[in-house]
Amino acid sequence: MATTVSMGSLFTNPSYNMGFNTSALASHMLPHTTDTYWNAFGEISKQNIQLNYFERLWAAWYAFMGNDVLATGIMSFVMHEVVYFGRSLPWMIIDRIPAFNKYKIQNQKIPSAKEQWDCAKLVLISHFTVELPQIWFFHPMAQYVGMSTSVPFPSIWSMAYQIAIFFVLEDTWHYWMHRALHWGPLYKNIHKIHHQYSAPFGLAAEYASPIEVMILGLGTVFSPLLYCAITKDMHILTMYIWIMLRLFQAIDAHSGYEFPWSLHHFLPFWAGADHHDVHHEKFIGNYSSSFRWWDLALDTENSPEAMKRRREQRLAKARKAQ
Ligand SMILES: [Zn+2]
Ligand SMILES: [Zn+2]
């Protein structure tokens with residue numbers, strides 16, 4: 001009987017929107033066996049003309065997989081790899097084009113192909129050993145806090161403001177944890193690996209100890225989980241877009257390039273490579289990830305202006321003491 005019910009009406013029914021099994025529901029709605037992904041897509045398209053193309057692709061994926069944990073796990077892992085290496089590749093090409101050298105912040109230190117390859121190997125090992133199991137456990141946690149996997153998708157506006165909140169939460173977590181990782185014993189045993197490159201490059205964004213990947217990754221993963229647990233209003237697609245943007249942010253901050261069109265020239269509180277490159281060069285200050293406000297507020301900023309400000313404050317103090 002279930003096959004006569006429109007999948008769309010079930011998907012849009014609010015009572016099905018929280019934490020239900022999308023695959024089971026979606027595959028249940030298919031009248032014929034769906035031996036290929038495109039068969040599932042065809043069936044879902046026929047029955048749910050109100051859904052847009054991407055929503056139908058999404059629903060067909062869950063229906064075809066027949067297992068939500070697998071469907072989310074594979075999609076997340078593939079997305080992470082494609083975005084990570086896809087976003088790093090343009091920086092690797094730019095490193096080989098001499099015309100871009102004038103934009104490189106530490107332009108005496110262009111990474112060699114061997115350095116990049118060694119870095120990629122360690123990053124891949126950590127993706128398969130540390131991140132894959134974490135990604136796998138994500139779906140049950142998302143389900144537990146009531147994250148929706150259904151169609152239709154939420155509005156762009158609701159995704160945008162939620163992602164803005166995650167950026168602020170993650171940046172705060174990152175600031176404090178990263179600052180803690182610079183405390184002697186933690187630095188020596190964990191964070192030192194990430195500082196192997198004093199002139200970073202895109203691929204080096206996740207070049208770090210597995211423990212560090214776990215600690216700093218918590219800010220990225222738990223910010224949305226916490227938000228969803230409180231509001232009960234979040235879609236897993238918002239999570240994907242958030243992870244994608246966060247990867248862009250981390251890779252670009254490690255790129256080592258500062259352009260006249262870099263984002264922080266338009267959004268002065270945005271950190272970017274200009275902020276993080278100094279951290280790798282000097283090992284001190286500029287601990288936050290996306291924004292500059294924590295470093296500014298707690299006087300851990302590392303920039304020529306901040307140095308000048310501190311020098312003047314010291315001089316003023318000395319003058320007063322005389
Ligand atoms: Zn550091
Ligand atoms: Zn870094």
# chains A, B, ... in the order shown; residues from 1 in each chain; ligands from 1
$ closest_atom_pairs --of "stretch 72-96 of chain A" --to "stretch 255-275 of chain A" --cutoff "10 Å" --atoms "only C-alpha atoms" --output "Markdown table"
| residue | atom | partner | partner_atom | distance |
| --- | --- | --- | --- | --- |
| A:Ser88 | CA | A:Ser255 | CA | 8.2 |
| A:Pro90 | CA | A:Ser255 | CA | 9.8 |
| A:Trp91 | CA | A:Ser255 | CA | 6.5 |
| A:Met92 | CA | A:Ser255 | CA | 9.0 |
| A:Ile94 | CA | A:Tyr257 | CA | 9.5 |
| A:Asp95 | CA | A:Ser255 | CA | 9.4 |
$ residues_around --residues "A:Arg87" --least-positions-apart "4" --cutoff "8 Å" --atoms "only C-alpha atoms" --output "short mmCIF file (atom, residue, chain, number, x, y, z; two decimals) with C-alpha atoms, in the first residue's frame"
data_model
loop_
_atom_site.label_atom_id
_atom_site.label_comp_id
_atom_site.auth_asym_id
_atom_site.auth_seq_id
_atom_site.Cartn_x
_atom_site.Cartn_y
_atom_site.Cartn_z
CA VAL A 83 36.81 19.41 -1.35
CA TRP A 91 47.23 26.52 -4.62
CA GLY A 202 47.03 24.75 1.31
CA PHE A 248 37.82 26.36 2.27
CA ILE A 251 42.97 25.62 3.31
#
$ closest_residue --among "A:Trp293, A:Phe167, A:Tyr84, A:Trp183" --to "ligand 1" --atoms "only C-alpha atoms and all ligand atoms"
A:Trp183
$ residues_near_ligand --ligand "ligand 1" --cutoff "9 Å" --atoms "only C-alpha atoms and all ligand atoms" --output "CSV table (one decimal) with C-alpha atoms, in the first residue's frame"
chain,number,residue,atom,x,y,z
A,178,HIS,CA,44.8,26.2,19.8
A,179,ARG,CA,46.1,28.5,22.5
A,181,LEU,CA,48.0,23.5,22.4
A,182,HIS,CA,50.8,26.0,22.5
A,187,TYR,CA,52.9,21.7,22.1
A,191,HIS,CA,50.8,20.5,18.1
A,192,LYS,CA,54.5,20.5,17.0
A,194,HIS,CA,51.3,21.0,12.5
A,195,HIS,CA,54.1,23.5,12.9
A,276,HIS,CA,47.5,32.5,10.1
A,279,HIS,CA,51.3,32.2,13.3
A,280,HIS,CA,53.3,29.6,11.4
A,283,PHE,CA,54.9,30.3,16.4
A,284,ILE,CA,53.2,32.8,18.7
A,285,GLY,CA,49.9,34.8,18.6
A,286,ASN,CA,47.0,34.7,16.1
A,287,TYR,CA,45.4,31.6,17.5
$ closest_residue --among "A:Leu124, A:Ile135, A:Pro185, A:Met141" --to "A:Ala208" --atoms "only C-alpha atoms"
A:Leu124
$ residues_around --residues "stretch 242-244 of chain A" --least-positions-apart "5" --cutoff "8 Å" --atoms "only C-alpha atoms" --output "ChimeraX atom specification"
/A:80,83,163,166,220
$ write_last_selection --atoms "N, CA and C atoms" --output "short mmCIF file (atom, residue, chain, number, x, y, z; two decimals), in the first residue's frame"
data_model
loop_
_atom_site.label_atom_id
_atom_site.label_comp_id
_atom_site.auth_asym_id
_atom_site.auth_seq_id
_atom_site.Cartn_x
_atom_site.Cartn_y
_atom_site.Cartn_z
N HIS A 80 34.38 15.27 1.66
CA HIS A 80 35.54 15.80 2.36
C HIS A 80 36.81 15.67 1.52
N VAL A 83 36.63 17.99 -1.67
CA VAL A 83 36.81 19.41 -1.35
C VAL A 83 38.24 19.67 -0.87
N ILE A 163 24.90 28.66 9.53
CA ILE A 163 26.34 28.52 9.23
C ILE A 163 27.13 29.68 9.85
N PHE A 166 27.70 28.78 13.35
CA PHE A 166 28.74 27.74 13.50
C PHE A 166 30.14 28.34 13.35
N THR A 220 34.30 21.91 14.94
CA THR A 220 33.60 21.89 13.66
C THR A 220 32.37 20.99 13.72
#
$ closest_residue --among "A:Leu218, A:Ala63, A:Ala204, A:Val168" --to "ligand 2" --atoms "only C-alpha atoms and all ligand atoms"
A:Ala204
$ closest_residue --among "A:Pro98, A:Pro200, A:Gly66, A:Pro140" --to "ligand 2" --atoms "only C-alpha atoms and all ligand atoms"
A:Pro200
$ select_by_dssp --residues "stretch 116-190 of chain A" --states "helix (DSSP H, G or I)" --output "MDAnalysis selection string"
chainID A and resid 116:144 156:181 184:189
$ residues_around --residues "A:Ser76" --least-positions-apart "5" --cutoff "9 Å" --atoms "only C-alpha atoms" --output "list in words"
Ala71, Glu81, Ile135, Trp136 and Tyr240 of chain A
$ closest_residue --among "A:Asp299, A:Asp233, A:Glu212, A:Glu305" --to "ligand 2" --atoms "only C-alpha atoms and all ligand atoms"
A:Glu212
$ atom_distance --atom1 "atom CA of A:His235" --atom2 "atom CA of A:Gln134"
18.9 Å
$ atom_distance --atom1 "atom CA of A:Lys317" --atom2 "atom CA of A:Ser303"
21.1 Å
$ atom_distance --atom1 "atom CA of A:Pro304" --atom2 "atom CA of A:Val278"
10.3 Å
$ decode --residues "stretch 283-298 of chain A" --atoms "N, CA and C atoms" --output "tab-separated table (two decimals), in the first residue's frame"
chain	number	residue	atom	x	y	z
A	283	PHE	N	55.29	31.30	15.38
A	283	PHE	CA	54.89	30.32	16.41
A	283	PHE	C	54.12	30.92	17.58
A	284	ILE	N	53.81	32.17	17.51
A	284	ILE	CA	53.18	32.79	18.67
A	284	ILE	C	52.12	33.80	18.22
A	285	GLY	N	51.00	33.84	18.95
A	285	GLY	CA	49.91	34.78	18.60
A	285	GLY	C	49.05	34.28	17.45
A	286	ASN	N	47.97	35.02	17.16
A	286	ASN	CA	47.03	34.68	16.08
A	286	ASN	C	46.53	33.23	16.17
A	287	TYR	N	45.83	32.94	17.27
A	287	TYR	CA	45.41	31.55	17.52
A	287	TYR	C	44.06	31.19	16.91
A	288	SER	N	43.25	32.17	16.56
A	288	SER	CA	41.90	31.83	16.11
A	288	SER	C	41.91	31.34	14.67
A	289	SER	N	40.75	30.83	14.22
A	289	SER	CA	40.70	30.27	12.87
A	289	SER	C	40.08	31.24	11.86
A	290	SER	N	38.83	31.65	12.08
A	290	SER	CA	38.14	32.42	11.03
A	290	SER	C	38.15	33.92	11.25
A	291	PHE	N	38.10	34.36	12.52
A	291	PHE	CA	37.94	35.79	12.80
A	291	PHE	C	39.11	36.32	13.62
A	292	ARG	N	39.20	37.67	13.68
A	292	ARG	CA	40.32	38.28	14.39
A	292	ARG	C	39.96	38.74	15.79
A	293	TRP	N	38.65	38.68	16.16
A	293	TRP	CA	38.26	39.38	17.38
A	293	TRP	C	38.80	38.79	18.67
A	294	TRP	N	38.94	37.44	18.76
A	294	TRP	CA	39.48	36.86	20.00
A	294	TRP	C	40.93	37.31	20.23
A	295	ASP	N	41.72	37.29	19.18
A	295	ASP	CA	43.13	37.70	19.31
A	295	ASP	C	43.24	39.17	19.66
A	296	LEU	N	42.33	39.95	19.08
A	296	LEU	CA	42.33	41.40	19.38
A	296	LEU	C	41.95	41.63	20.84
A	297	ALA	N	40.84	40.99	21.27
A	297	ALA	CA	40.30	41.23	22.61
A	297	ALA	C	41.27	40.76	23.69
A	298	LEU	N	42.00	39.67	23.43
A	298	LEU	CA	42.88	39.12	24.47
A	298	LEU	C	44.35	39.45	24.21
